[in-house]
$ cat input.cif   # mmCIF, N, CA and C atoms
data_input
loop_
_atom_site.label_atom_id
_atom_site.label_comp_id
_atom_site.auth_asym_id
_atom_site.auth_seq_id
_atom_site.Cartn_x
_atom_site.Cartn_y
_atom_site.Cartn_z
N MET A 1 117.37 53.77 111.93
CA MET A 1 118.69 54.39 112.09
C MET A 1 118.58 55.89 112.33
N ILE A 2 117.67 56.55 111.68
CA ILE A 2 117.51 57.98 111.87
C ILE A 2 117.13 58.30 113.31
N VAL A 3 116.24 57.52 113.89
CA VAL A 3 115.83 57.75 115.28
C VAL A 3 117.02 57.63 116.21
N ILE A 4 117.85 56.62 116.01
CA ILE A 4 119.04 56.43 116.84
C ILE A 4 119.97 57.62 116.69
N ASP A 5 120.21 58.09 115.47
CA ASP A 5 121.07 59.24 115.25
C ASP A 5 120.53 60.47 115.96
N THR A 6 119.22 60.66 115.95
CA THR A 6 118.62 61.81 116.62
C THR A 6 118.87 61.73 118.12
N ILE A 7 118.65 60.57 118.71
CA ILE A 7 118.87 60.41 120.14
C ILE A 7 120.34 60.60 120.48
N VAL A 8 121.22 60.00 119.71
CA VAL A 8 122.65 60.08 119.98
C VAL A 8 123.13 61.53 119.96
N ASN A 9 122.57 62.33 119.09
CA ASN A 9 123.05 63.69 118.91
C ASN A 9 122.32 64.74 119.73
N GLU A 10 121.36 64.36 120.56
CA GLU A 10 120.55 65.36 121.25
C GLU A 10 121.38 66.24 122.20
N VAL A 11 122.17 65.66 123.08
CA VAL A 11 122.98 66.46 124.00
C VAL A 11 124.00 67.28 123.23
N GLU A 12 124.61 66.66 122.22
CA GLU A 12 125.58 67.37 121.39
C GLU A 12 124.91 68.58 120.70
N THR A 13 123.68 68.40 120.25
CA THR A 13 122.94 69.49 119.62
C THR A 13 122.75 70.64 120.60
N TYR A 14 122.34 70.32 121.82
CA TYR A 14 122.15 71.37 122.84
C TYR A 14 123.46 72.11 123.11
N VAL A 15 124.55 71.38 123.26
CA VAL A 15 125.84 72.00 123.56
C VAL A 15 126.29 72.88 122.40
N ASN A 16 126.13 72.40 121.17
CA ASN A 16 126.50 73.20 120.00
C ASN A 16 125.65 74.47 119.90
N GLU A 17 124.36 74.35 120.17
CA GLU A 17 123.49 75.53 120.13
C GLU A 17 123.87 76.51 121.24
N ALA A 18 124.24 76.00 122.40
CA ALA A 18 124.67 76.87 123.50
C ALA A 18 125.94 77.62 123.10
N ARG A 19 126.82 76.94 122.41
CA ARG A 19 128.04 77.59 121.94
C ARG A 19 127.71 78.71 120.94
N GLU A 20 126.80 78.44 120.03
CA GLU A 20 126.38 79.46 119.05
C GLU A 20 125.77 80.68 119.76
N ILE A 21 124.95 80.43 120.74
CA ILE A 21 124.34 81.53 121.51
C ILE A 21 125.42 82.33 122.23
N SER A 22 126.39 81.63 122.81
CA SER A 22 127.48 82.30 123.52
C SER A 22 128.28 83.18 122.58
N ILE A 23 128.51 82.70 121.37
CA ILE A 23 129.23 83.51 120.38
C ILE A 23 128.40 84.74 120.02
N LYS A 24 127.12 84.53 119.78
CA LYS A 24 126.23 85.63 119.40
C LYS A 24 126.22 86.74 120.45
N TYR A 25 126.20 86.34 121.72
CA TYR A 25 126.13 87.33 122.81
C TYR A 25 127.50 87.71 123.35
N LYS A 26 128.56 87.22 122.71
CA LYS A 26 129.93 87.56 123.08
C LYS A 26 130.21 87.23 124.55
N LEU A 27 129.77 86.06 124.96
CA LEU A 27 129.99 85.64 126.33
C LEU A 27 131.40 85.08 126.50
N PRO A 28 131.97 85.21 127.69
CA PRO A 28 133.33 84.71 127.90
C PRO A 28 133.41 83.18 127.99
N GLU A 29 132.28 82.52 128.21
CA GLU A 29 132.26 81.06 128.29
C GLU A 29 130.85 80.55 128.02
N VAL A 30 130.75 79.27 127.71
CA VAL A 30 129.45 78.63 127.55
C VAL A 30 129.04 78.17 128.95
N CYS A 31 127.95 78.74 129.46
CA CYS A 31 127.53 78.44 130.83
C CYS A 31 126.22 77.66 130.85
N THR A 32 125.83 77.23 132.03
CA THR A 32 124.64 76.39 132.15
C THR A 32 123.36 77.14 131.80
N GLU A 33 123.32 78.46 132.04
CA GLU A 33 122.12 79.22 131.66
C GLU A 33 121.93 79.20 130.15
N VAL A 34 123.03 79.31 129.43
CA VAL A 34 122.96 79.29 127.96
C VAL A 34 122.57 77.88 127.49
N LEU A 35 123.08 76.86 128.15
CA LEU A 35 122.69 75.50 127.82
C LEU A 35 121.18 75.32 128.02
N LEU A 36 120.67 75.78 129.14
CA LEU A 36 119.23 75.66 129.40
C LEU A 36 118.43 76.44 128.36
N TYR A 37 118.90 77.63 127.99
CA TYR A 37 118.22 78.41 126.95
C TYR A 37 118.18 77.61 125.64
N ALA A 38 119.29 76.98 125.29
CA ALA A 38 119.33 76.16 124.06
C ALA A 38 118.36 74.99 124.16
N MET A 39 118.26 74.41 125.35
CA MET A 39 117.34 73.28 125.54
C MET A 39 115.89 73.71 125.38
N LEU A 40 115.58 74.92 125.83
CA LEU A 40 114.22 75.44 125.71
C LEU A 40 113.93 75.98 124.31
N ASP A 41 114.98 76.36 123.61
CA ASP A 41 114.81 76.98 122.29
C ASP A 41 114.55 75.96 121.20
N ASN A 42 114.98 74.72 121.40
CA ASN A 42 114.83 73.71 120.36
C ASN A 42 113.55 72.92 120.59
N LYS A 43 112.52 73.31 119.88
CA LYS A 43 111.19 72.71 120.06
C LYS A 43 111.08 71.29 119.52
N ASN A 44 112.07 70.86 118.76
CA ASN A 44 112.01 69.53 118.16
C ASN A 44 112.66 68.44 119.01
N LEU A 45 113.30 68.82 120.09
CA LEU A 45 113.98 67.83 120.93
C LEU A 45 113.23 67.64 122.25
N SER A 46 113.66 66.64 123.00
CA SER A 46 112.87 66.12 124.12
C SER A 46 112.63 67.07 125.27
N VAL A 47 113.60 67.91 125.64
CA VAL A 47 113.44 68.73 126.84
C VAL A 47 112.30 69.72 126.69
N TYR A 48 112.29 70.46 125.58
CA TYR A 48 111.21 71.42 125.36
C TYR A 48 109.87 70.70 125.38
N GLN A 49 109.76 69.60 124.67
CA GLN A 49 108.49 68.87 124.59
C GLN A 49 108.07 68.35 125.96
N GLN A 50 109.02 67.84 126.72
CA GLN A 50 108.70 67.32 128.05
C GLN A 50 108.21 68.43 128.98
N LEU A 51 108.89 69.56 128.98
CA LEU A 51 108.49 70.66 129.86
C LEU A 51 107.14 71.24 129.45
N LYS A 52 106.89 71.34 128.15
CA LYS A 52 105.58 71.83 127.69
C LYS A 52 104.47 70.88 128.13
N GLU A 53 104.70 69.57 128.00
CA GLU A 53 103.70 68.58 128.42
C GLU A 53 103.42 68.68 129.91
N LEU A 54 104.44 69.05 130.69
CA LEU A 54 104.24 69.20 132.14
C LEU A 54 103.51 70.49 132.49
N GLY A 55 103.43 71.42 131.54
CA GLY A 55 102.74 72.69 131.78
C GLY A 55 103.65 73.83 132.19
N VAL A 56 104.95 73.66 132.03
CA VAL A 56 105.93 74.68 132.40
C VAL A 56 105.82 75.86 131.43
N ASN A 57 105.93 77.07 131.96
CA ASN A 57 105.93 78.28 131.14
C ASN A 57 107.31 78.44 130.51
N THR A 58 107.54 77.74 129.42
CA THR A 58 108.85 77.76 128.78
C THR A 58 109.17 79.14 128.19
N ILE A 59 108.16 79.83 127.72
CA ILE A 59 108.38 81.17 127.15
C ILE A 59 108.86 82.12 128.25
N GLY A 60 108.20 82.10 129.39
CA GLY A 60 108.61 82.96 130.50
C GLY A 60 110.02 82.64 130.98
N MET A 61 110.34 81.34 131.03
CA MET A 61 111.67 80.94 131.46
C MET A 61 112.72 81.41 130.45
N LYS A 62 112.40 81.30 129.15
CA LYS A 62 113.34 81.77 128.12
C LYS A 62 113.56 83.28 128.22
N ILE A 63 112.50 84.02 128.50
CA ILE A 63 112.63 85.48 128.65
C ILE A 63 113.55 85.80 129.82
N ASP A 64 113.36 85.12 130.95
CA ASP A 64 114.22 85.34 132.12
C ASP A 64 115.68 84.97 131.81
N LEU A 65 115.87 83.87 131.12
CA LEU A 65 117.22 83.46 130.75
C LEU A 65 117.86 84.45 129.79
N ALA A 66 117.08 84.95 128.83
CA ALA A 66 117.60 85.93 127.87
C ALA A 66 118.08 87.19 128.58
N LYS A 67 117.35 87.62 129.60
CA LYS A 67 117.78 88.79 130.38
C LYS A 67 119.11 88.52 131.06
N LYS A 68 119.25 87.35 131.66
CA LYS A 68 120.51 87.00 132.33
C LYS A 68 121.66 86.91 131.33
N ILE A 69 121.38 86.33 130.18
CA ILE A 69 122.42 86.19 129.15
C ILE A 69 122.82 87.57 128.62
N ASN A 70 121.84 88.43 128.36
CA ASN A 70 122.14 89.78 127.89
C ASN A 70 122.97 90.55 128.90
N ALA A 71 122.71 90.35 130.18
CA ALA A 71 123.46 91.05 131.22
C ALA A 71 124.93 90.62 131.24
N LYS A 72 125.21 89.42 130.77
CA LYS A 72 126.58 88.91 130.75
C LYS A 72 127.31 89.25 129.45
N ALA A 73 126.59 89.76 128.46
CA ALA A 73 127.17 90.01 127.14
C ALA A 73 128.33 90.99 127.23
N ALA A 74 129.37 90.72 126.47
CA ALA A 74 130.54 91.59 126.44
C ALA A 74 130.33 92.69 125.41
N PRO A 75 130.86 93.88 125.68
CA PRO A 75 130.70 94.97 124.70
C PRO A 75 131.50 94.75 123.43
N VAL A 76 132.56 94.00 123.49
CA VAL A 76 133.36 93.70 122.30
C VAL A 76 133.47 92.19 122.16
N SER A 77 133.72 91.79 120.95
CA SER A 77 133.81 90.36 120.69
C SER A 77 135.03 89.76 121.40
N ALA A 78 134.77 88.71 122.12
CA ALA A 78 135.85 87.98 122.81
C ALA A 78 136.07 86.67 122.07
N PRO A 79 137.28 86.15 122.14
CA PRO A 79 137.48 84.85 121.50
C PRO A 79 136.60 83.80 122.18
N ILE A 80 136.02 82.92 121.37
CA ILE A 80 135.10 81.98 122.01
C ILE A 80 135.89 81.01 122.83
N MET A 81 135.29 80.68 123.83
CA MET A 81 135.72 80.10 125.05
C MET A 81 135.48 78.62 125.18
N ALA A 82 135.93 78.19 126.30
CA ALA A 82 135.65 76.83 126.72
C ALA A 82 134.33 76.82 127.48
N HIS A 83 133.93 75.65 127.90
CA HIS A 83 132.75 75.55 128.75
C HIS A 83 133.09 76.06 130.14
N SER A 84 132.10 76.62 130.82
CA SER A 84 132.30 77.00 132.21
C SER A 84 132.58 75.75 133.03
N ASN A 85 133.15 75.94 134.22
CA ASN A 85 133.40 74.79 135.10
C ASN A 85 132.10 74.06 135.40
N ALA A 86 131.02 74.82 135.62
CA ALA A 86 129.74 74.20 135.94
C ALA A 86 129.23 73.34 134.78
N LEU A 87 129.36 73.85 133.55
CA LEU A 87 128.90 73.09 132.38
C LEU A 87 129.78 71.86 132.17
N THR A 88 131.09 72.01 132.33
CA THR A 88 131.99 70.87 132.19
C THR A 88 131.62 69.80 133.21
N GLY A 89 131.34 70.22 134.44
CA GLY A 89 130.94 69.27 135.48
C GLY A 89 129.65 68.56 135.14
N LEU A 90 128.67 69.32 134.63
CA LEU A 90 127.39 68.71 134.26
C LEU A 90 127.57 67.66 133.17
N LEU A 91 128.35 67.99 132.17
CA LEU A 91 128.56 67.04 131.07
C LEU A 91 129.29 65.80 131.57
N PHE A 92 130.23 65.98 132.51
CA PHE A 92 130.91 64.84 133.11
C PHE A 92 129.93 63.99 133.91
N LEU A 93 129.11 64.64 134.74
CA LEU A 93 128.13 63.91 135.55
C LEU A 93 127.09 63.22 134.69
N ASN A 94 126.82 63.80 133.54
CA ASN A 94 125.85 63.19 132.62
C ASN A 94 126.37 61.85 132.10
N GLY A 95 127.64 61.61 132.24
CA GLY A 95 128.24 60.31 131.96
C GLY A 95 128.14 59.83 130.53
N GLY A 96 128.14 60.73 129.58
CA GLY A 96 128.08 60.31 128.19
C GLY A 96 126.69 59.96 127.70
N HIS A 97 125.68 60.10 128.56
CA HIS A 97 124.32 59.86 128.10
C HIS A 97 123.98 60.90 127.04
N THR A 98 123.20 60.50 126.07
CA THR A 98 122.96 61.37 124.92
C THR A 98 121.53 61.91 124.88
N ASN A 99 120.71 61.46 125.79
CA ASN A 99 119.31 61.87 125.79
C ASN A 99 119.14 63.18 126.55
N GLY A 100 118.37 64.09 125.99
CA GLY A 100 118.14 65.39 126.62
C GLY A 100 117.47 65.29 127.97
N THR A 101 116.56 64.34 128.13
CA THR A 101 115.87 64.18 129.41
C THR A 101 116.88 63.82 130.49
N ARG A 102 117.82 62.96 130.17
CA ARG A 102 118.86 62.60 131.14
C ARG A 102 119.70 63.82 131.50
N LEU A 103 120.00 64.67 130.52
CA LEU A 103 120.76 65.89 130.80
C LEU A 103 119.96 66.81 131.72
N LEU A 104 118.67 66.93 131.49
CA LEU A 104 117.81 67.74 132.35
C LEU A 104 117.82 67.19 133.78
N GLN A 105 117.76 65.89 133.92
CA GLN A 105 117.82 65.27 135.25
C GLN A 105 119.17 65.57 135.91
N THR A 106 120.24 65.51 135.15
CA THR A 106 121.57 65.79 135.68
C THR A 106 121.65 67.23 136.18
N ILE A 107 121.07 68.15 135.42
CA ILE A 107 121.05 69.55 135.85
C ILE A 107 120.31 69.68 137.18
N LEU A 108 119.16 69.02 137.28
CA LEU A 108 118.35 69.13 138.50
C LEU A 108 119.00 68.44 139.70
N ILE A 109 119.74 67.38 139.46
CA ILE A 109 120.45 66.71 140.55
C ILE A 109 121.56 67.60 141.09
N ASN A 110 122.25 68.29 140.20
CA ASN A 110 123.38 69.13 140.58
C ASN A 110 122.87 70.54 140.87
N GLN A 111 122.41 70.76 142.06
CA GLN A 111 121.70 71.99 142.44
C GLN A 111 122.55 73.26 142.46
N ASN A 112 123.85 73.15 142.30
CA ASN A 112 124.67 74.35 142.43
C ASN A 112 124.94 75.06 141.11
N THR A 113 124.12 74.83 140.10
CA THR A 113 124.28 75.55 138.83
C THR A 113 123.17 76.57 138.65
N ALA A 114 123.46 77.58 137.85
CA ALA A 114 122.46 78.60 137.56
C ALA A 114 121.26 78.00 136.85
N ALA A 115 121.50 77.01 136.00
CA ALA A 115 120.39 76.36 135.28
C ALA A 115 119.46 75.65 136.26
N ALA A 116 120.02 74.96 137.24
CA ALA A 116 119.20 74.26 138.24
C ALA A 116 118.39 75.26 139.06
N ARG A 117 119.01 76.37 139.43
CA ARG A 117 118.28 77.39 140.20
C ARG A 117 117.13 77.98 139.39
N MET A 118 117.35 78.18 138.09
CA MET A 118 116.29 78.71 137.22
C MET A 118 115.15 77.71 137.11
N LEU A 119 115.47 76.44 136.93
CA LEU A 119 114.43 75.41 136.85
C LEU A 119 113.65 75.33 138.16
N ASN A 120 114.35 75.34 139.28
CA ASN A 120 113.68 75.29 140.58
C ASN A 120 112.80 76.51 140.80
N ALA A 121 113.26 77.67 140.39
CA ALA A 121 112.46 78.89 140.53
C ALA A 121 111.19 78.81 139.70
N ASN A 122 111.24 78.01 138.64
CA ASN A 122 110.06 77.81 137.79
C ASN A 122 109.34 76.51 138.14
N LEU A 123 109.61 76.00 139.35
CA LEU A 123 108.91 74.87 139.94
C LEU A 123 109.12 73.55 139.20
N VAL A 124 110.25 73.43 138.52
CA VAL A 124 110.62 72.17 137.88
C VAL A 124 111.61 71.48 138.80
N LYS A 125 111.30 70.26 139.17
CA LYS A 125 112.10 69.52 140.15
C LYS A 125 112.15 68.05 139.76
N LEU A 126 112.84 67.27 140.57
CA LEU A 126 112.83 65.82 140.43
C LEU A 126 112.01 65.24 141.57
N ASP A 127 111.22 64.22 141.27
CA ASP A 127 110.52 63.54 142.35
C ASP A 127 111.49 62.54 143.00
N LYS A 128 111.02 61.81 143.98
CA LYS A 128 111.92 60.92 144.72
C LYS A 128 112.45 59.77 143.87
N TYR A 129 111.86 59.56 142.70
CA TYR A 129 112.32 58.50 141.79
C TYR A 129 113.21 59.03 140.68
N GLY A 130 113.50 60.33 140.69
CA GLY A 130 114.35 60.94 139.67
C GLY A 130 113.62 61.37 138.42
N LYS A 131 112.30 61.38 138.45
CA LYS A 131 111.50 61.82 137.30
C LYS A 131 111.32 63.34 137.37
N VAL A 132 111.44 63.99 136.22
CA VAL A 132 111.24 65.44 136.16
C VAL A 132 109.76 65.73 136.34
N ILE A 133 109.46 66.64 137.28
CA ILE A 133 108.07 67.02 137.55
C ILE A 133 107.95 68.53 137.62
N TYR A 134 106.75 69.00 137.42
CA TYR A 134 106.40 70.41 137.56
C TYR A 134 105.46 70.50 138.73
N THR A 135 105.78 71.37 139.68
CA THR A 135 104.99 71.47 140.91
C THR A 135 104.37 72.86 141.05
N PRO A 136 103.28 73.12 140.35
CA PRO A 136 102.63 74.43 140.47
C PRO A 136 102.29 74.73 141.92
N GLU A 137 102.32 75.99 142.26
CA GLU A 137 102.13 76.41 143.65
C GLU A 137 100.76 76.03 144.21
N ASN A 138 99.78 75.84 143.36
CA ASN A 138 98.45 75.53 143.87
C ASN A 138 98.30 74.08 144.27
N ASN A 139 99.35 73.26 144.12
CA ASN A 139 99.26 71.85 144.54
C ASN A 139 99.76 71.69 145.95
#

$ encode --input "input.cif" --output "structure tokens"
Amino acid sequence: MIVIDTIVNEVETYVNEAREISIKYKLPEVCTEVLLYAMLDNKNLSVYQQLKELGVNTIGMKIDLAKKINAKAAPVSAPIMAHSNALTGLLFLNGGHTNGTRLLQTILINQNTAAARMLNANLVKLDKYGKVIYTPENN
């Protein structure tokens, strides 16, 4: 039962952590970059573990995301917000799936989000079967 609860709550955990980060940085909305940062920040859930196993520089990606998030930070506290349109769309496209890997695939399928662009810039993509892959430049 504990394993099922962990899987069921994985996407919810990422979204809640993204909301906390947005509050901390006084962002006007919870956006996909913050969601990706939350996914990389939680070492106990599937996305971080999967990307590390693939050899992705998760630390470098988090540093880049932190810079983008800091640049969006408001000088004064704003009331916490709703999800950005992009994040709302991603969660809708994710179709209620609760697994973090599925959410990562949804981000990569929907190429018009900042999170997808960041993953692509770090050579994380989907193969023709929809599997998340890392494509280092030397291949």

$ closest_residue --input "input.cif" --among "A:Gly100, A:Leu93, A:Leu27, A:Leu51" --to "Asn9 of chain A" --atoms "all atoms listed in the file"
A:Gly100

$ resolve_selection --input "input.cif" --expression "the PyMOL selection byres ((chain A and resi 122) around 8)" --output "list of chain:residue names"
A:Val56, A:Asn57, A:Met61, A:Ala116, A:Arg117, A:Met118, A:Leu119, A:Asn120, A:Ala121, A:Leu123, A:Val124, A:Lys125, A:Tyr134, A:Thr135, A:Pro136

$ closest_residue --input "input.cif" --among "A:Arg102, A:Lys72, A:His83, A:Lys43" --to "Val30 of chain A" --atoms "only C-alpha atoms"
A:His83

$ atom_distance --input "input.cif" --atom1 "atom CA of Leu103 of chain A" --atom2 "atom CA of Ala71 of chain A"
25.3 Å

$ select_by_dssp --input "input.cif" --residues "segment 26-114 of chain A" --states "helix (DSSP H, G or I)" --output "ChimeraX atom specification"
/A:32-41,46-54,58-72,85-93,100-109,114

$ atom_distance --input "input.cif" --atom1 "atom CA of Lys131 of chain A" --atom2 "atom CA of Ala66 of chain A"
26.6 Å

$ atom_distance --input "input.cif" --atom1 "atom N of His97 of chain A" --atom2 "atom CA of Val15 of chain A"
12.9 Å

$ resolve_selection --input "input.cif" --expression "the PyMOL selection byres (((chain A and resi 32 and name CA) around 8) and name CA)" --output "VMD selection string"
chain A and resid 30 to 31 33 to 36 84 86 to 87 113 to 115

$ decode --input "input.cif" --residues "segment 33-50 of chain A" --atoms "C-alpha atoms" --output "PDB file, in the first residue's frame"
ATOM      1  CA  GLU A  33      10.296  25.973 -15.177  1.00  0.00           C
ATOM      2  CA  VAL A  34       9.446  25.863 -11.488  1.00  0.00           C
ATOM      3  CA  LEU A  35       7.780  22.476 -11.961  1.00  0.00           C
ATOM      4  CA  LEU A  36      10.918  21.143 -13.642  1.00  0.00           C
ATOM      5  CA  TYR A  37      13.058  22.588 -10.829  1.00  0.00           C
ATOM      6  CA  ALA A  38      10.853  20.767  -8.296  1.00  0.00           C
ATOM      7  CA  MET A  39      11.193  17.555 -10.303  1.00  0.00           C
ATOM      8  CA  LEU A  40      14.986  17.860 -10.257  1.00  0.00           C
ATOM      9  CA  ASP A  41      15.091  18.916  -6.614  1.00  0.00           C
ATOM     10  CA  ASN A  42      13.357  15.840  -5.228  1.00  0.00           C
ATOM     11  CA  LYS A  43      15.998  13.121  -5.253  1.00  0.00           C
ATOM     12  CA  ASN A  44      13.609  10.524  -3.850  1.00  0.00           C
ATOM     13  CA  LEU A  45      11.182  10.498  -6.765  1.00  0.00           C
ATOM     14  CA  SER A  46      11.419   8.995 -10.236  1.00  0.00           C
ATOM     15  CA  VAL A  47      12.352  11.935 -12.478  1.00  0.00           C
ATOM     16  CA  TYR A  48      15.561  12.879 -10.676  1.00  0.00           C
ATOM     17  CA  GLN A  49      16.601   9.222 -10.445  1.00  0.00           C
ATOM     18  CA  GLN A  50      15.797   8.558 -14.097  1.00  0.00           C
TER      19      GLN A  50
END
